[in-house]
Every structure is written in structure tokens, then in C-alpha cells.
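J.: Pasting work.txt here (compact mmCIF, C-alpha atoms):
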```
# COMPACT_ATOMS: atom_id res chain seq x y z
CA ASN A 30 23.29 1.75 -7.70
CA GLY A 31 24.95 3.58 -4.83
CA GLU A 32 28.46 3.81 -6.27
CA GLU A 33 30.53 6.98 -6.07
CA VAL A 34 30.40 9.18 -9.19
CA ASP A 35 32.62 11.98 -10.42
CA VAL A 36 29.66 13.83 -11.94
CA VAL A 37 26.05 13.57 -10.76
CA PRO A 38 23.95 12.28 -13.68
CA ALA A 39 21.31 14.57 -15.19
CA ILE A 40 18.18 12.64 -16.16
CA SER A 41 14.41 12.77 -16.03
CA ALA A 42 12.93 9.96 -13.97
CA THR A 43 9.43 11.25 -14.69
CA ALA A 44 7.66 11.93 -18.01
CA ALA A 45 9.85 13.99 -20.34
CA ALA A 46 8.46 15.37 -23.57
CA VAL A 47 8.38 19.01 -24.65
CA GLU A 48 6.60 20.27 -27.74
CA GLU A 49 9.60 22.21 -29.05
CA ALA A 50 11.45 18.90 -29.42
CA PHE A 51 8.74 17.29 -31.58
CA PRO A 52 9.68 18.70 -35.02
CA ALA A 53 13.34 17.65 -34.93
CA ALA A 54 12.31 14.24 -33.59
CA GLY A 55 9.76 13.86 -36.38
CA VAL A 56 6.94 12.90 -34.04
CA SER A 57 3.51 14.11 -32.98
CA TRP A 58 0.89 13.46 -30.33
CA PRO A 59 -1.24 11.44 -29.97
CA GLU A 60 0.61 9.19 -32.45
CA ALA A 61 3.67 8.89 -30.21
CA HIS A 62 1.47 7.30 -27.54
CA THR A 63 0.41 4.45 -29.83
CA ASP A 64 3.30 3.97 -32.29
CA ALA A 65 6.44 2.35 -30.92
CA GLU A 66 8.80 4.02 -33.42
CA GLN A 67 7.45 7.47 -32.58
CA MET A 68 7.47 6.71 -28.85
CA ALA A 69 11.13 5.72 -29.06
CA LYS A 70 12.02 8.83 -31.10
CA LEU A 71 10.29 11.13 -28.64
CA GLY A 72 11.73 9.21 -25.69
CA ILE A 73 15.28 9.86 -26.91
CA ALA A 74 14.59 13.43 -28.11
CA LEU A 75 15.69 15.25 -24.96
CA HIS A 76 18.89 13.20 -24.88
CA GLU A 77 19.68 14.27 -28.43
CA GLN A 78 18.44 17.85 -28.21
CA ALA A 79 19.18 18.82 -24.59
CA GLY A 80 21.74 16.34 -23.32
CA LEU A 81 19.63 14.44 -20.79
CA GLU A 82 21.51 11.27 -19.90
CA CYS A 83 18.61 8.89 -20.45
CA ALA A 84 15.71 8.06 -22.70
CA ARG A 85 12.33 8.17 -20.95
CA ILE A 86 9.04 6.55 -22.01
CA PRO A 87 6.04 6.61 -21.97
CA PHE A 88 4.56 10.08 -21.46
CA ASP A 89 1.56 9.43 -19.20
CA LEU A 90 0.26 7.09 -16.48
CA THR A 91 -2.88 5.71 -18.08
CA ALA A 92 -1.60 2.70 -20.05
CA GLU A 93 -2.16 0.13 -17.30
CA ALA A 94 -5.69 1.37 -16.57
CA GLU A 95 -6.41 1.23 -20.30
CA ALA A 96 -5.17 -2.37 -20.33
CA PHE A 97 -7.81 -3.08 -17.65
CA GLY A 98 -10.48 -1.71 -20.02
CA CYS A 99 -10.74 1.89 -18.81
CA LYS A 100 -11.46 4.41 -21.56
CA VAL A 101 -8.67 6.89 -22.30
CA ASP A 102 -8.68 10.13 -24.27
CA LEU A 103 -5.27 10.16 -25.95
CA GLY A 104 -5.30 13.95 -26.11
CA ASP A 105 -3.63 16.06 -28.78
CA MET A 106 -0.44 18.03 -29.36
CA GLU A 107 -1.05 20.05 -26.19
CA ASN A 108 -2.57 17.50 -23.81
CA THR A 109 -1.39 14.16 -22.48
CA PRO A 110 -3.78 11.19 -22.25
CA THR A 111 -6.47 11.31 -19.56
CA LEU A 112 -8.84 8.71 -18.18
CA LYS A 113 -12.42 9.08 -19.38
CA SER A 114 -13.88 6.18 -17.41
CA HIS A 115 -12.99 3.89 -14.56
CA GLY A 116 -13.37 0.15 -14.42
CA ASP A 117 -16.84 -1.24 -15.04
CA GLY A 118 -18.73 -3.37 -12.59
CA ASP A 119 -18.51 -4.04 -8.88
CA PRO A 120 -15.11 -3.21 -7.31
CA GLU A 121 -15.30 -6.55 -5.52
CA ASP A 122 -15.30 -8.32 -8.90
CA LEU A 123 -12.12 -6.62 -10.14
CA GLU A 124 -9.64 -9.03 -11.69
CA VAL A 125 -6.56 -8.91 -13.90
CA PRO A 126 -7.41 -9.24 -17.61
CA ASP A 127 -6.08 -12.32 -19.37
CA ASP A 128 -2.74 -11.78 -21.12
CA PHE A 129 -2.47 -8.40 -19.38
CA VAL A 130 0.85 -7.24 -20.86
CA ASN A 131 -0.55 -7.61 -24.39
CA GLN A 132 -3.53 -5.34 -23.76
CA GLY A 133 -3.90 -1.72 -24.86
CA ARG A 134 -0.68 0.24 -25.28
CA LEU A 135 1.49 -1.98 -23.10
CA PRO A 136 2.92 -3.86 -26.13
CA VAL A 137 3.79 -0.48 -27.70
CA ILE A 138 5.82 0.47 -24.62
CA LEU A 139 7.64 -2.86 -24.65
CA GLU A 140 8.42 -2.51 -28.37
CA ALA A 141 9.69 1.04 -27.84
CA ILE A 142 12.08 -0.23 -25.15
CA GLU A 143 13.41 -2.80 -27.63
CA ILE A 144 13.95 -0.11 -30.27
CA LEU A 145 15.77 2.16 -27.84
CA LYS A 146 18.00 -0.63 -26.51
CA ASN A 147 18.92 -1.66 -30.06
CA GLU A 148 19.48 1.81 -31.51
CA TYR A 149 20.95 3.59 -28.45
CA PRO A 150 22.66 0.87 -26.43
CA GLU A 151 24.79 3.40 -24.51
CA VAL A 152 21.80 5.42 -23.25
CA PRO A 153 20.00 4.24 -20.09
CA VAL A 154 16.29 3.69 -20.77
CA VAL A 155 13.84 4.69 -18.03
CA VAL A 156 10.31 3.32 -18.26
CA GLY A 157 7.49 4.70 -16.16
CA MET A 158 4.52 2.95 -14.63
CA ALA A 159 1.81 3.85 -12.13
CA GLY A 160 2.10 2.81 -8.50
CA PRO A 161 -0.31 0.15 -7.26
CA PHE A 162 -2.36 2.60 -5.19
CA THR A 163 -2.54 5.06 -8.10
CA LEU A 164 -3.64 2.30 -10.48
CA THR A 165 -6.29 1.30 -7.95
CA GLY A 166 -7.52 4.89 -7.98
CA HIS A 167 -7.70 4.77 -11.77
CA LEU A 168 -9.77 1.60 -11.61
CA LEU A 169 -12.15 2.63 -8.82
CA GLY A 170 -12.05 6.43 -9.11
CA VAL A 171 -9.86 8.41 -6.73
CA GLU A 172 -12.76 9.99 -4.84
CA ASP A 173 -14.46 6.62 -4.39
CA LEU A 174 -11.17 5.08 -3.34
CA VAL A 175 -10.63 7.67 -0.60
CA LYS A 176 -14.21 7.19 0.63
CA MET A 177 -13.79 3.41 0.70
CA LEU A 178 -10.78 3.76 2.98
CA LYS A 179 -13.23 4.95 5.64
CA THR A 180 -16.14 2.63 4.88
CA ASP A 181 -14.95 -0.46 2.96
CA SER A 182 -11.23 -0.71 3.54
CA PHE A 183 -11.24 -4.45 2.84
CA ILE A 184 -12.42 -3.72 -0.74
CA VAL A 185 -9.51 -1.31 -1.13
CA GLU A 186 -7.07 -3.95 0.11
CA ASP A 187 -8.42 -6.48 -2.39
CA ALA A 188 -8.37 -3.96 -5.24
CA VAL A 189 -4.77 -2.97 -4.49
CA ASP A 190 -3.86 -6.67 -4.55
CA VAL A 191 -5.40 -7.00 -8.03
CA ALA A 192 -3.56 -3.91 -9.27
CA LEU A 193 -0.34 -5.26 -7.79
CA GLU A 194 -0.83 -8.65 -9.46
CA ALA A 195 -1.18 -6.96 -12.85
CA GLN A 196 1.82 -4.75 -12.29
CA ILE A 197 4.01 -7.66 -11.26
CA GLU A 198 3.15 -9.21 -14.64
CA LEU A 199 4.24 -5.96 -16.30
CA VAL A 200 7.45 -5.79 -14.26
CA GLU A 201 8.27 -9.34 -15.35
CA ALA A 202 7.91 -8.19 -18.97
CA PHE A 203 10.12 -5.18 -18.23
CA ASN A 204 12.71 -7.50 -16.67
CA ASP A 205 12.81 -9.47 -19.93
CA SER A 206 13.00 -6.27 -22.03
CA GLY A 207 16.40 -5.19 -20.69
CA VAL A 208 15.16 -1.76 -19.63
CA ASP A 209 17.64 -0.04 -17.30
CA VAL A 210 15.37 1.71 -14.80
CA ILE A 211 11.71 1.49 -13.80
CA CYS A 212 10.22 4.64 -12.32
CA VAL A 213 7.04 3.96 -10.35
CA ALA A 214 5.01 7.15 -10.06
CA ASP A 215 2.41 6.96 -7.31
CA PRO A 216 0.77 10.41 -7.14
CA THR A 217 -2.37 9.14 -5.40
CA SER A 218 -0.14 8.14 -2.48
CA SER A 219 0.88 11.76 -1.91
CA PRO A 220 0.26 13.02 1.64
CA GLU A 221 -1.79 15.75 -0.02
CA LEU A 222 -4.33 13.06 -0.99
CA LEU A 223 -3.69 10.15 1.34
CA ASP A 224 -3.18 10.24 5.08
CA PRO A 225 0.37 9.01 5.88
CA ASN A 226 -1.09 6.31 8.16
CA ASP A 227 -3.20 5.04 5.26
CA PHE A 228 -0.11 5.19 3.06
CA ASN A 229 1.71 2.91 5.48
CA GLU A 230 -1.23 0.48 5.64
CA PHE A 231 -2.51 0.36 2.06
CA ALA A 232 0.12 1.72 -0.36
CA LEU A 233 3.51 0.93 1.15
CA PRO A 234 3.20 -2.89 1.36
CA ALA A 235 2.30 -3.06 -2.34
CA LEU A 236 5.30 -0.89 -3.24
CA GLU A 237 7.54 -3.22 -1.25
CA ASP A 238 6.14 -6.25 -3.08
CA LEU A 239 6.47 -4.54 -6.47
CA SER A 240 10.07 -3.42 -5.95
CA ALA A 241 11.02 -6.95 -4.89
CA GLU A 242 10.16 -8.19 -8.40
CA MET A 243 12.43 -5.71 -10.21
CA GLU A 244 15.72 -6.98 -11.61
CA MET A 245 17.01 -3.53 -12.61
CA GLU A 246 17.50 -0.18 -10.93
CA SER A 247 14.25 1.42 -9.78
CA ILE A 248 12.87 4.77 -8.63
CA ILE A 249 9.81 5.56 -6.55
CA HIS A 250 8.31 8.98 -7.28
CA ILE A 251 5.56 10.50 -5.15
CA CYS A 252 4.25 14.00 -5.85
CA GLY A 253 3.83 16.97 -3.53
CA ASN A 254 5.35 17.31 -0.09
CA SER A 255 6.31 13.70 0.51
CA LYS A 256 8.33 14.49 3.65
CA PRO A 257 5.80 12.76 6.00
CA ILE A 258 6.26 9.47 4.09
CA LEU A 259 9.88 9.86 3.01
CA GLU A 260 11.18 7.26 5.45
CA GLY A 261 8.81 4.71 3.90
CA MET A 262 9.92 5.72 0.42
CA LEU A 263 13.55 5.24 1.40
CA ASP A 264 12.90 1.88 3.00
CA CYS A 265 10.61 0.07 0.53
CA GLY A 266 13.24 -1.45 -1.73
CA PHE A 267 13.73 1.03 -4.57
CA SER A 268 17.16 2.18 -5.77
CA GLY A 269 16.13 5.84 -5.76
CA ALA A 270 13.48 8.09 -4.22
CA SER A 271 12.33 10.99 -6.40
CA VAL A 272 10.88 14.03 -4.64
CA GLU A 273 9.45 17.41 -5.56
CA GLU A 274 10.91 20.75 -4.53
CA ALA A 275 8.64 20.80 -1.45
CA VAL A 276 11.12 18.36 0.10
CA ASP A 277 14.39 19.95 1.21
CA MET A 278 17.21 17.86 -0.25
CA GLU A 279 19.56 18.48 2.69
CA GLU A 280 16.90 17.29 5.15
CA ALA A 281 16.21 14.27 2.95
CA GLN A 282 19.89 13.35 2.95
CA GLU A 283 20.03 13.73 6.72
CA LEU A 284 17.09 11.33 7.09
CA ARG A 285 18.67 8.92 4.63
CA GLU A 286 21.88 8.89 6.66
CA GLN A 287 19.99 8.62 9.95
CA ILE A 288 18.09 5.46 8.90
CA GLY A 289 21.01 4.00 6.95
CA ALA A 290 19.09 3.79 3.68
CA ASP A 291 20.83 2.56 0.53
CA THR A 292 18.20 4.31 -1.58
CA VAL A 293 19.62 7.44 -3.22
CA MET A 294 17.86 10.78 -3.60
CA VAL A 295 16.58 11.86 -7.03
CA GLY A 296 15.42 15.39 -7.87
CA ASN A 297 14.25 18.00 -7.43
CA ILE A 298 14.19 20.93 -9.90
CA SER A 299 10.73 22.51 -10.00
CA THR A 300 8.75 21.56 -13.10
CA SER A 301 5.64 23.62 -12.38
CA GLN A 302 7.61 26.86 -11.94
CA THR A 303 11.30 26.78 -12.82
CA LEU A 304 11.49 24.51 -15.86
CA PHE A 305 8.09 25.64 -17.11
CA SER A 306 8.36 29.39 -17.00
CA LYS A 307 11.52 30.83 -15.43
CA PRO A 308 14.47 32.24 -17.40
CA THR A 309 17.48 30.02 -17.99
CA ASP A 310 19.65 31.79 -15.41
CA GLU A 311 17.13 30.90 -12.70
CA VAL A 312 17.01 27.31 -13.95
CA LYS A 313 20.78 27.14 -13.62
CA ALA A 314 20.73 28.66 -10.14
CA GLU A 315 18.22 26.07 -8.91
CA VAL A 316 20.18 23.21 -10.46
CA LYS A 317 23.41 24.31 -8.78
CA ALA A 318 21.60 24.70 -5.44
CA ALA A 319 20.24 21.15 -5.71
CA LEU A 320 23.73 19.82 -6.44
CA GLU A 321 25.09 21.78 -3.50
CA LYS A 322 22.42 20.27 -1.25
CA GLY A 323 23.52 16.79 -2.25
CA THR A 324 21.06 15.32 -4.73
CA ASN A 325 22.45 11.98 -5.92
CA VAL A 326 20.69 12.04 -9.29
CA LEU A 327 19.76 15.42 -10.74
CA ALA A 328 16.23 15.33 -12.14
CA PRO A 329 13.06 17.39 -12.59
CA SER A 330 10.77 17.32 -9.57
CA CYS A 331 7.86 15.79 -11.51
CA GLY A 332 6.78 15.24 -15.12
CA ILE A 333 8.02 17.97 -17.46
CA ALA A 334 5.13 20.07 -18.78
CA PRO A 335 4.93 19.76 -22.59
CA LYS A 336 4.90 23.57 -22.96
CA SER A 337 8.21 23.92 -21.10
CA PRO A 338 10.89 25.69 -23.20
CA LEU A 339 13.49 23.38 -24.68
CA ALA A 340 16.06 26.01 -23.69
CA ASN A 341 15.26 25.37 -20.03
CA ILE A 342 15.95 21.65 -20.37
CA GLN A 343 19.21 22.49 -22.11
CA ALA A 344 20.06 24.91 -19.28
CA PHE A 345 19.29 22.15 -16.76
CA VAL A 346 22.11 20.03 -18.22
CA GLU A 347 24.42 22.98 -18.89
CA ALA A 348 24.21 24.03 -15.24
CA ARG A 349 25.26 20.58 -14.11
CA ASN A 350 28.22 20.77 -16.50
CA GLU A 351 29.16 24.23 -15.27
CA TYR A 352 28.96 23.08 -11.66
CA TYR A 353 31.59 20.41 -12.39
CA GLY A 354 33.61 22.52 -14.79
CA ILE A 355 33.03 20.27 -17.81
```
Go ahead and express the file in the form of C-alpha cells.
T.:
Amino acid sequence: NGEEVDVVPAISATAAAVEEAFPAAGVSWPEAHTDAEQMAKLGIALHEQAGLECARIPFDLTAEAEAFGCKVDLGDMENTPTLKSHGDGDPEDLEVPDDFVNQGRLPVILEAIEILKNEYPEVPVVVGMAGPFTLTGHLLGVEDLVKMLKTDSFIVEDAVDVALEAQIELVEAFNDSGVDVICVADPTSSPELLDPNDFNEFALPALEDLSAEMEMESIIHICGNSKPILEGMLDCGFSGASVEEAVDMEEAQELREQIGADTVMVGNISTSQTLFSKPTDEVKAEVKAALEKGTNVLAPSCGIAPKSPLANIQAFVEARNEYYGI
């Protein structure tokens, strides 16, 4: 919330579940995607086993698309849920399902928040959701969505509006749940997929509208090298902007100061390389470098790969502690 801190918090804004934590938590996939008790236990597991200063649920970005009627493969112990189909019918006929927040796995997520708030009242709970443009890609198909930007942009605008309408309903339910932070992950808005000009025209306005409905702290996360759109991320109403390691944290802080943004920087320890496969001493070195460069909230750069060693998540927190001498 922009206040001065003595110690930068160490959290995961993005999905955080590693297989090595499953046995002690007493959970398994895919059950933890559909059972609120297991979701809550897995969500708190890296707080209990590695010292992360939050609980984080759910573990994928498909729940809202599933609530629209898209088919989802819930995966197994090694794979997170994936979309198997997009929305049926004409994109121009897309509309929000009745009683949206009670469809699919959305009630499970809301129940898991309630469990976590009741059983771990001192631990901030971070809930993830897809960004409006990403949800639109789930409903229309990402390739079709990108093509439509060139040929039928008005259909894209209407579809994003429908996705936004649904997500505002979900945010209202999150507001009532007492969750501490919403992290909106919008990977389809990455400059590696979407031209920054199209981001400004089609994705950014919906993010602004969505953030305006949030009554708690909030984080926008966009994958890849988000530097070309970072000013928009810092200026669209979220409390924090989460970036990958492709964005230099010192440069991000310079831009933040230049435009006078209240939004703080979140990140950006590599998940695909450092946390996934490097030895703990290299994890610690990268953490201390990120703190030196001025990250406001220490966090992985993206979702933590399930095969990441638990020891690396523990080293992530230990390095923060060593940096501050605690």
C-alpha cells in the first residue's frame, strides 16, 4: 500500500505450488483444484514449509473460462489444468453465464479463501485471476483473437467487454470474501504476443475498469519483457506491477519515479531458470541483487513451476532474511 517497510516482504503474487510440498500438506492434484480444503492446504503450504509471507490460490488461470463453459483438462500430479476447448458458438453471441460466480470451480476458490481467512488470519491471502484480454483469448482462442484484431476489431472490443463484465462480478465476490490481494495475470497482453499499441487500445482500458472495482490491494502481472507497456501497467490503478526478469528493476523504478506512479514494483526472481533449476547459492545471489535494485515486494517473476525444488523456495526467503540480517 505504498508505506515504508523495514523488511521487503517475500511473497508469490503468481501461482505457487511445488510437488515436494504436497506430501506434508496432505494434498494432491488434480483434487486440490476442485476441493476447497485441499486448495487451502496447498495454498498455505509454501508459507508453512518455506516461509513465504502469503497464501496463494488457485494454481492456474482456467477457472473463469471453465465457468463460461470451456472444457478444461484438470491435469495430474505433474501438469496444471489446460483448456481443451474454447467457447462455443459465434463470438458475437458471447455473453456472461447466469450466476457466473457459482459456475465451475469459482465457488471452490471462494470457499478456499474463507478457509484460509478463518484458519490463518495473520497470513495475507493472494487470489489470482486472468486478465480480461487473456480471458477473451481463452474464450475465442488466442490465434483467432490476434487475427480478429486485424480484421474484426469491433468483435474483440465486444468480447473483452463481456469478459470484463464477468470478471467484475468475480471481483465483487472477492471483495465480499475478505481476500487481501488480487493478482490479475494477463499473459496474452504480453508484448511478445500483443503489439503495445493494441495493448493500449484493447487491453489497458479493461484493466483500468477492473482495478477500479477492487476494494483490496491488487497486482497486475504481465509475462515476458513488459518494458514497452510498463508505463501503462504502472498507471492503470493497481497497487503493484509484477514483472519478469526481462525487465530491469532499476530501470523500472526510474520510470516509476519519472511518472510519479504510486504503484509499487513486484518481482522478479526467475522462475524458468533460477528457482526451477539453479543451486541455492545462485537463488540467493539473484534475490539479493533484486533487493539491491529496489524491488518493493520480493516475488518470483512468474508462476512457480511445480517441479521446482522446495529448497530453492526456502533459499528465496532465507536470502531476504540474510540481506536484512534477520
J.: Rank A:Thr180, A:Asn325, A:Asn30, A:Ser330 by their smallest atom-to-atom distance to A:Gly253, using all atoms listed in the file, and report the top residue only.
T.: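 Smallest distance to A:Gly253 is found for A:Ser330.
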J.: At what distance in Å, to one decimal, does atom CA of A:Gly160 lie from atom CA of A:His76?
T.: 25.7 Å
J.: Need to verify the contact set: A:Leu90, 10 Å, all atoms listed in the file, exclusion of same-chain residues closer than 6 positions in sequence. Can you return it as number ranges by chain?
T.: A: 44, 109-112, 157-160, 163-164, 167, 213-216
J.: Could the residues in this selection be written to a file with C-alpha atoms, as a PDB file, in the frame of the given file?
T.:
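Full text of result-v1.pdb as output:
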```pdb
ATOM      1  CA  ALA A  44       7.660  11.930 -18.010  1.00  0.00           C
ATOM      2  CA  THR A 109      -1.390  14.160 -22.480  1.00  0.00           C
ATOM      3  CA  PRO A 110      -3.780  11.190 -22.250  1.00  0.00           C
ATOM      4  CA  THR A 111      -6.470  11.310 -19.560  1.00  0.00           C
ATOM      5  CA  LEU A 112      -8.840   8.710 -18.180  1.00  0.00           C
ATOM      6  CA  GLY A 157       7.490   4.700 -16.160  1.00  0.00           C
ATOM      7  CA  MET A 158       4.520   2.950 -14.630  1.00  0.00           C
ATOM      8  CA  ALA A 159       1.810   3.850 -12.130  1.00  0.00           C
ATOM      9  CA  GLY A 160       2.100   2.810  -8.500  1.00  0.00           C
ATOM     10  CA  THR A 163      -2.540   5.060  -8.100  1.00  0.00           C
ATOM     11  CA  LEU A 164      -3.640   2.300 -10.480  1.00  0.00           C
ATOM     12  CA  HIS A 167      -7.700   4.770 -11.770  1.00  0.00           C
ATOM     13  CA  VAL A 213       7.040   3.960 -10.350  1.00  0.00           C
ATOM     14  CA  ALA A 214       5.010   7.150 -10.060  1.00  0.00           C
ATOM     15  CA  ASP A 215       2.410   6.960  -7.310  1.00  0.00           C
ATOM     16  CA  PRO A 216       0.770  10.410  -7.140  1.00  0.00           C
TER      17      PRO A 216
END
```
J.: Here's a test: counting only C-alpha atoms, identify every protein, DNA and RNA residue with an atom at most 12 Å from (17.5, 6.9, -3.2) in the file's coordinate frame, and state them as a PyMOL selection string.
T.: chain A and resi 30-32+212+246-250+259-272+278+281-282+284-286+289-296+323-327
J.: Write out as a PyMOL selection string which residues come within 12 Å of A:Ala314 when counting only C-alpha atoms, dropping same-chain ones fewer than 6 positions away.
T.: chain A and resi 298-299+303-304+307-308+320-321+341+344-349+351-352
J.: Mind giving me the straight-line distance from atom CA of A:Glu194 to atom CA of A:Asp181 in Å, one decimal?
T.: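 Pair atom CA of A:Glu194 / atom CA of A:Asp181 returns 20.5 Å.
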J.: Taking all atoms listed in the file into account, which of A:Ser219, A:Leu135, A:Ala340, A:Asp277 comes nearest A:Ala92?
T.: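 Result for the nearest residue to A:Ala92: A:Leu135.
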J.: To test the calculation: enclose all listed atoms of stretch 94-113 of chain A in a box whose edges run along x, y and z, add 6 Å on each side, then state centre and edge lengths in Å to one decimal, as JSON.
T.:
```
{"center_x": -6.4, "center_y": 8.5, "center_z": -23.0, "size_x": 24.0, "size_y": 35.1, "size_z": 24.8}
```
J.: Distance atom CA of A:Ile40-atom CA of A:Glu198, one decimal place?
T.: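 Going from atom CA of A:Ile40 over to atom CA of A:Glu198 covers 26.6 Å.
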J.: Pick out the residues sitting within 12 Å of A:Tyr149, and hand them over as a list of chain:residue names; count only C-alpha atoms, and ignore anything fewer than 4 positions along from it in its own chain.
T.: A:Ala69, A:Lys70, A:Gly72, A:Ile73, A:Ala74, A:His76, A:Glu77, A:Glu82, A:Cys83, A:Ala84, A:Ala141, A:Ile142, A:Glu143, A:Ile144, A:Leu145, A:Pro153, A:Val154, A:Val208
J.: Pick out the closest residue to A:Pro126 from this set: A:Glu33, A:Glu95, A:Glu48, A:Glu311. Count only C-alpha atoms.
T.: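 Smallest distance to A:Pro126 is found for A:Glu95.
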J.: Hey, what's within 12 Å of A:Asp205 if we count only C-alpha atoms and toss same-chain stuff fewer than 3 positions away? As a list of chain:residue names, please?
T.: A:Leu139, A:Glu140, A:Ile142, A:Glu143, A:Glu198, A:Leu199, A:Val200, A:Glu201, A:Ala202, A:Val208, A:Asp209, A:Glu242, A:Met243, A:Glu244, A:Met245
J.: Would you pick out the contacts of A:Val175 at 9 Å or less, using only C-alpha atoms, so that residues sharing its chain but fewer than 3 positions from it are not included, and give the list as a VMD selection string?
T.: chain A and resid 166 170 to 172 178 to 179 222 to 223
J.: Show me the residues around (5.3, 12.1, 8.5) - criterion: an atom at most 9 Å away, only C-alpha atoms counted - as a PyMOL selection string.
T.: chain A and resi 220+225-226+255-260
